[in-house]
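Below: one structure, written as structure tokens.
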Amino acid sequence: MNNAFSVSITTGDNPNDAVIKGINNLGGISKFIEKDETVFIKINLTMITGFPSNVNFNTLIEVIKLCKTAGAKKIYVGSFPFENLTIKDVSEELGLKEFTEYFGSELAFLDNSDKLKISKEEKLRLQKESFKEVEVQDSIIKYPKLILNVDKFICINQVNVHPLFDIHLSLLNLFSCIPFKFRKIEHQEDVEKDYIIADQYKTDLISRILDIYEIKKSNLIINDLFYFMEGAGPFIYKDSKINPIKHIVCGNEAIATDYITLKILGLNPKKNFLMSHWIEKNIGISNLEKINLSGENLEDINFTFKQCKKRIEDIYVQKFNIKKGEICSGCFLQSYYLLNFLKTFFLKDLNYLPQCSYLVGANPLEPDSPNNILLYGDCAIKTTEKREFRTIEKEGKDIKTLFLKKAIIEKKNKKILEIPGCPPNLQDTLNLFLRYFKKSNLPTLNFYMKKLNKTQKNS
Ligand code: SF4
């Protein structure tokens with residue numbers, strides 16, 4: 001990272017005005033894009049929900065227009081969505097392909113999900129052709145060739161709250177330049193206590209995020225805070241609120257742009273897990289303090305917001321009694337999404353469910369009853385193997401006696417749902433819920449999963 005970091009903070013009546021001003025403050029679009037260059041615009045494209053889970057279309061339109069003014073030959077727009085969702089799934093729901101074409105750009109199907117009815121072999125061949133194996137630190141990362149090969153790389157990051165990293169920084173946006181399966185941090189061996197105590201999951205996740213950022217540095221970063229979602233976060237419309245901060249932060253470097261964005265939101269960058277890890281690994285904070293700032297005065301901006309809940313047991317979901325043990329960031333993050341997802345989209349279904357005990361982490365608290373115990377994650381499953389609730393006593397016939405006398409016998413408790421994974425993923429968990437609670441008790445979830453499972457089968 002050299003010393004020529006430039007960051008601009010702008011405001012305006014709408015995101016379009018604010019982004020134009022921001023780029024102009026940095027020297028104008030021609031400073032970033034030259035005639036006949038190819039451009040990739042990395043956006044947030046997470047779920048089949050709209051803004052602000054995904055990019056603000058107004059900001060995107062303006063950036064596409066600016067690139068065209070600068071004479072860009074070809075403009076791609078893209079990202080990889082959450083978990084098993086394909087780009088086609090999201091595009092079809094949001095009309096993204098048509099939208100990007102209308103404005104003279106192209107939605108990049110980085111996952112080849114637009115190629116219909118092709119054989120498994122053909123799919124594998126395409127996958128191989130679309131990714132390049134890049135060596136970073138000690139690992140090999142498969143990165144899309146399309147992004148590697150463009151002349152210029154722009155990141156438009158919609159900033160919202162984030163359960164683990166306080167806010168969704170551009171570093172997190174850049175992380176989804178690779179498919180979800182390559183982003184996943186999975187611990188294959190038996191979980192040792194140290195893994196949880198040291199929160200190795202979080203350390204590994206941060207290292208991978210920073211590795212991806214290093215592979216292809218963005219030429220222009222736009223942290224879009226014009227509308228900022230606070231509270232529970234963008235996947236979760238319940239308990240969340242959109243706040244019009246009306247600021248856009250543009251910069252020529254991701255770390256520097258994120259650093260200023262954190263400050264705007266009143267957060268100490270040195271206390272942010274991602275930023276502090278980067279600072280520790282690199283030359284220190286001194287360079288970041290020499291950022292060439294333009295536009296609004298940072299000291300005049302005073303903004304406070306409601307953060308995500310940082311403890312799983314503080315998330316209230318009807319019928320779910322949370323019994324936590326020792327957990328690391330993996331089960332925290334996935335439980336956070338699961339619980340909030342349920343209370344946002346499946347509120348009606350929750351009425352039909354019985355009371356459940358949701359046990360998460362190593363050595364979790366005792367369930368309220370032997371009925372409907374959800375064991376979330378490998379730690380909860382393994383460390384409760386010998387617990388009393390695993391068996392129930394029932395009246396039966398003692399086969400050891402001659403006349404099969406009546407006796408109290410121990411049986412395996414079948415009212416337990418094991419949700420494996422370290423941590424488990426959301427889609428598998430929801431499919432397991434459908435099987436355990438029966439589809440008729442979860443009509444909305446059943447409809448949602450049918451649609452999701454079908455589109456994935458076809459793609
Ligand atoms: S099962 Fe969950 S709590 Fe245990 S190590 Fe894995 S992610 Fe962490």
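Letters for chains follow the order of the structure tokens (A, B, ...), residue numbers begin at 1 for each chain, and ligand numbers begin at 1 in the order shown.
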
List all protein, DNA and RNA residues that have any atom at most 12 Å from ligand 1, counting only C-alpha atoms and all ligand atoms, and write the list as a VMD selection string. chain A and resid 184 to 205 312 324 to 335 359 to 364 375 to 383 418 to 425

May I have the residues within 12 Å of Ser130 (chain A) as a compact mmCIF listing (two decimals) with all heavy atoms, in the first residue's frame, using only C-alpha atoms and disregarding those fewer than 4 positions away in the same chain?
# COMPACT_ATOMS: atom_id res chain seq x y z
N ALA A 108 -22.49 -10.28 -15.34
CA ALA A 108 -21.53 -11.38 -15.53
C ALA A 108 -22.02 -12.61 -14.76
O ALA A 108 -22.10 -12.57 -13.52
CB ALA A 108 -20.16 -10.95 -15.01
N PHE A 109 -22.35 -13.67 -15.48
CA PHE A 109 -22.75 -14.92 -14.82
C PHE A 109 -21.47 -15.68 -14.49
O PHE A 109 -21.08 -16.61 -15.20
CB PHE A 109 -23.69 -15.73 -15.72
CG PHE A 109 -25.07 -15.16 -15.78
CD1 PHE A 109 -25.41 -14.21 -16.75
CD2 PHE A 109 -26.03 -15.53 -14.85
CE1 PHE A 109 -26.68 -13.66 -16.79
CE2 PHE A 109 -27.31 -14.98 -14.88
CZ PHE A 109 -27.64 -14.05 -15.85
N LEU A 110 -20.83 -15.24 -13.43
CA LEU A 110 -19.53 -15.79 -13.06
C LEU A 110 -19.61 -17.28 -12.71
O LEU A 110 -18.62 -17.99 -12.74
CB LEU A 110 -18.95 -15.02 -11.86
CG LEU A 110 -18.71 -13.52 -12.09
CD1 LEU A 110 -18.49 -12.81 -10.76
CD2 LEU A 110 -17.51 -13.29 -13.00
N ASP A 111 -20.83 -17.71 -12.32
CA ASP A 111 -21.02 -19.12 -11.94
C ASP A 111 -21.57 -19.95 -13.10
O ASP A 111 -21.94 -21.10 -12.90
CB ASP A 111 -21.97 -19.22 -10.73
CG ASP A 111 -23.33 -18.57 -10.99
OD1 ASP A 111 -23.52 -18.01 -12.10
OD2 ASP A 111 -24.19 -18.63 -10.11
N ASN A 112 -21.68 -19.36 -14.28
CA ASN A 112 -22.22 -20.02 -15.48
C ASN A 112 -23.66 -20.51 -15.29
O ASN A 112 -24.11 -21.41 -15.98
CB ASN A 112 -21.34 -21.22 -15.89
CG ASN A 112 -19.94 -20.79 -16.27
OD1 ASN A 112 -19.77 -19.89 -17.08
ND2 ASN A 112 -18.95 -21.38 -15.63
N LYS A 123 -20.40 -28.69 -17.41
CA LYS A 123 -20.43 -27.75 -16.29
C LYS A 123 -19.04 -27.66 -15.64
O LYS A 123 -18.52 -26.57 -15.37
CB LYS A 123 -21.44 -28.24 -15.26
CG LYS A 123 -22.20 -27.12 -14.60
CD LYS A 123 -23.17 -27.70 -13.62
CE LYS A 123 -24.50 -27.00 -13.67
NZ LYS A 123 -25.50 -27.60 -12.86
N LEU A 124 -18.45 -28.84 -15.42
CA LEU A 124 -17.12 -28.89 -14.79
C LEU A 124 -16.07 -28.24 -15.68
O LEU A 124 -15.20 -27.50 -15.21
CB LEU A 124 -16.72 -30.34 -14.51
CG LEU A 124 -17.39 -30.97 -13.30
CD1 LEU A 124 -17.05 -32.45 -13.22
CD2 LEU A 124 -16.94 -30.27 -12.01
N ARG A 125 -16.20 -28.49 -16.99
CA ARG A 125 -15.24 -27.90 -17.93
C ARG A 125 -15.34 -26.37 -17.90
O ARG A 125 -14.34 -25.65 -17.82
CB ARG A 125 -15.50 -28.44 -19.34
CG ARG A 125 -14.44 -28.04 -20.38
CD ARG A 125 -14.84 -28.42 -21.79
NE ARG A 125 -16.08 -27.79 -22.23
CZ ARG A 125 -16.19 -26.52 -22.63
NH1 ARG A 125 -15.14 -25.76 -22.65
NH2 ARG A 125 -17.35 -26.05 -23.01
N LEU A 126 -16.59 -25.88 -17.89
CA LEU A 126 -16.80 -24.43 -17.85
C LEU A 126 -16.23 -23.82 -16.58
O LEU A 126 -15.63 -22.75 -16.59
CB LEU A 126 -18.30 -24.12 -17.92
CG LEU A 126 -18.91 -24.04 -19.32
CD1 LEU A 126 -20.41 -23.92 -19.23
CD2 LEU A 126 -18.35 -22.83 -20.07
N LYS A 142 -9.30 -20.17 -6.02
CA LYS A 142 -9.84 -20.13 -7.38
C LYS A 142 -10.58 -18.80 -7.55
O LYS A 142 -11.53 -18.53 -6.83
CB LYS A 142 -10.80 -21.30 -7.60
CG LYS A 142 -10.06 -22.61 -7.74
CD LYS A 142 -11.03 -23.72 -8.03
CE LYS A 142 -10.31 -25.04 -8.08
NZ LYS A 142 -11.17 -26.17 -7.92
N TYR A 143 -10.10 -18.00 -8.49
CA TYR A 143 -10.61 -16.63 -8.65
C TYR A 143 -11.11 -16.47 -10.09
O TYR A 143 -10.48 -16.98 -11.03
CB TYR A 143 -9.46 -15.66 -8.38
CG TYR A 143 -9.88 -14.25 -8.09
CD1 TYR A 143 -10.10 -13.82 -6.78
CD2 TYR A 143 -10.04 -13.33 -9.12
CE1 TYR A 143 -10.47 -12.51 -6.52
CE2 TYR A 143 -10.41 -12.02 -8.85
CZ TYR A 143 -10.63 -11.62 -7.54
OH TYR A 143 -11.01 -10.31 -7.28
N PRO A 144 -12.24 -15.77 -10.29
CA PRO A 144 -12.78 -15.66 -11.66
C PRO A 144 -11.81 -14.97 -12.62
O PRO A 144 -11.33 -13.87 -12.33
CB PRO A 144 -14.05 -14.81 -11.49
CG PRO A 144 -14.35 -14.85 -10.05
CD PRO A 144 -13.08 -15.08 -9.31
N LYS A 145 -11.57 -15.62 -13.76
CA LYS A 145 -10.65 -15.06 -14.76
C LYS A 145 -11.19 -13.74 -15.29
O LYS A 145 -10.43 -12.83 -15.59
CB LYS A 145 -10.50 -16.04 -15.92
CG LYS A 145 -9.56 -17.18 -15.62
CD LYS A 145 -9.36 -18.01 -16.88
CE LYS A 145 -8.62 -19.29 -16.55
NZ LYS A 145 -8.69 -20.26 -17.62
N LEU A 146 -12.53 -13.66 -15.39
CA LEU A 146 -13.11 -12.43 -15.96
C LEU A 146 -12.68 -11.20 -15.15
O LEU A 146 -12.28 -10.18 -15.71
CB LEU A 146 -14.63 -12.54 -15.97
CG LEU A 146 -15.38 -11.49 -16.78
CD1 LEU A 146 -16.63 -12.07 -17.41
CD2 LEU A 146 -15.77 -10.28 -15.97
N ILE A 147 -12.71 -11.32 -13.83
CA ILE A 147 -12.32 -10.17 -13.00
C ILE A 147 -10.81 -9.92 -13.11
O ILE A 147 -10.36 -8.78 -13.20
CB ILE A 147 -12.74 -10.36 -11.52
CG1 ILE A 147 -14.23 -10.70 -11.41
CG2 ILE A 147 -12.42 -9.11 -10.70
CD1 ILE A 147 -14.76 -10.89 -9.99
N LEU A 148 -10.07 -11.02 -13.16
CA LEU A 148 -8.60 -10.86 -13.25
C LEU A 148 -8.19 -10.17 -14.55
O LEU A 148 -7.22 -9.41 -14.58
CB LEU A 148 -7.92 -12.23 -13.19
CG LEU A 148 -7.86 -12.93 -11.84
CD1 LEU A 148 -7.29 -14.33 -12.00
CD2 LEU A 148 -7.00 -12.14 -10.84
N ASN A 149 -8.96 -10.43 -15.61
CA ASN A 149 -8.53 -9.96 -16.92
C ASN A 149 -9.02 -8.57 -17.33
O ASN A 149 -8.57 -8.05 -18.34
CB ASN A 149 -8.96 -10.96 -18.00
CG ASN A 149 -8.22 -12.29 -17.83
OD1 ASN A 149 -7.15 -12.33 -17.20
ND2 ASN A 149 -8.77 -13.37 -18.34
N ILE A 178 -15.46 -14.35 -5.05
CA ILE A 178 -15.34 -15.80 -5.23
C ILE A 178 -16.63 -16.47 -4.72
O ILE A 178 -17.33 -15.91 -3.88
CB ILE A 178 -14.09 -16.39 -4.53
CG1 ILE A 178 -14.14 -16.14 -3.01
CG2 ILE A 178 -12.81 -15.84 -5.11
CD1 ILE A 178 -13.15 -16.97 -2.23
N PRO A 179 -16.95 -17.66 -5.23
CA PRO A 179 -18.20 -18.32 -4.81
C PRO A 179 -18.23 -18.61 -3.32
O PRO A 179 -17.18 -18.77 -2.68
CB PRO A 179 -18.18 -19.64 -5.60
CG PRO A 179 -17.17 -19.47 -6.66
CD PRO A 179 -16.19 -18.46 -6.20

Separating CA of Asn292 (chain A) from CA of Gly266 (chain A), to the nearest tenth of an Å, is a gap of 19.3 Å

task = Enter the distance from CA of Ile43 (chain A) to CA of Ser79 (chain A), in Å, rounded to one decimal.
result =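 According to the coordinates, CA of Ile43 (chain A) and CA of Ser79 (chain A) are separated by 6.0 Å.
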
List the neighbours of region 131-141 of chain A out to 8 Å using only C-alpha atoms; skip same-chain residues closer than 4 positions along the sequence, and give me the result as a PDB file with N, CA and C atoms, in the first residue's frame.
ATOM      1  N   GLN A 127     -16.477 -24.537 -15.472  1.00  0.00           N
ATOM      2  CA  GLN A 127     -15.973 -24.058 -14.174  1.00  0.00           C
ATOM      3  C   GLN A 127     -14.459 -23.925 -14.203  1.00  0.00           C
ATOM      4  N   LYS A 145     -11.573 -15.623 -13.760  1.00  0.00           N
ATOM      5  CA  LYS A 145     -10.651 -15.061 -14.757  1.00  0.00           C
ATOM      6  C   LYS A 145     -11.188 -13.737 -15.293  1.00  0.00           C
ATOM      7  N   PHE A 182     -16.112 -21.394  -1.756  1.00  0.00           N
ATOM      8  CA  PHE A 182     -14.684 -21.136  -1.528  1.00  0.00           C
ATOM      9  C   PHE A 182     -14.461 -20.157  -0.365  1.00  0.00           C
ATOM     10  N   ASP A 211      -6.872 -12.104   1.971  1.00  0.00           N
ATOM     11  CA  ASP A 211      -6.231 -12.745   0.809  1.00  0.00           C
ATOM     12  C   ASP A 211      -6.957 -12.372  -0.482  1.00  0.00           C
ATOM     13  N   ILE A 215      -5.690 -10.211  -4.079  1.00  0.00           N
ATOM     14  CA  ILE A 215      -5.568 -10.815  -5.410  1.00  0.00           C
ATOM     15  C   ILE A 215      -5.756  -9.786  -6.522  1.00  0.00           C
TER      16      ILE A 215
END
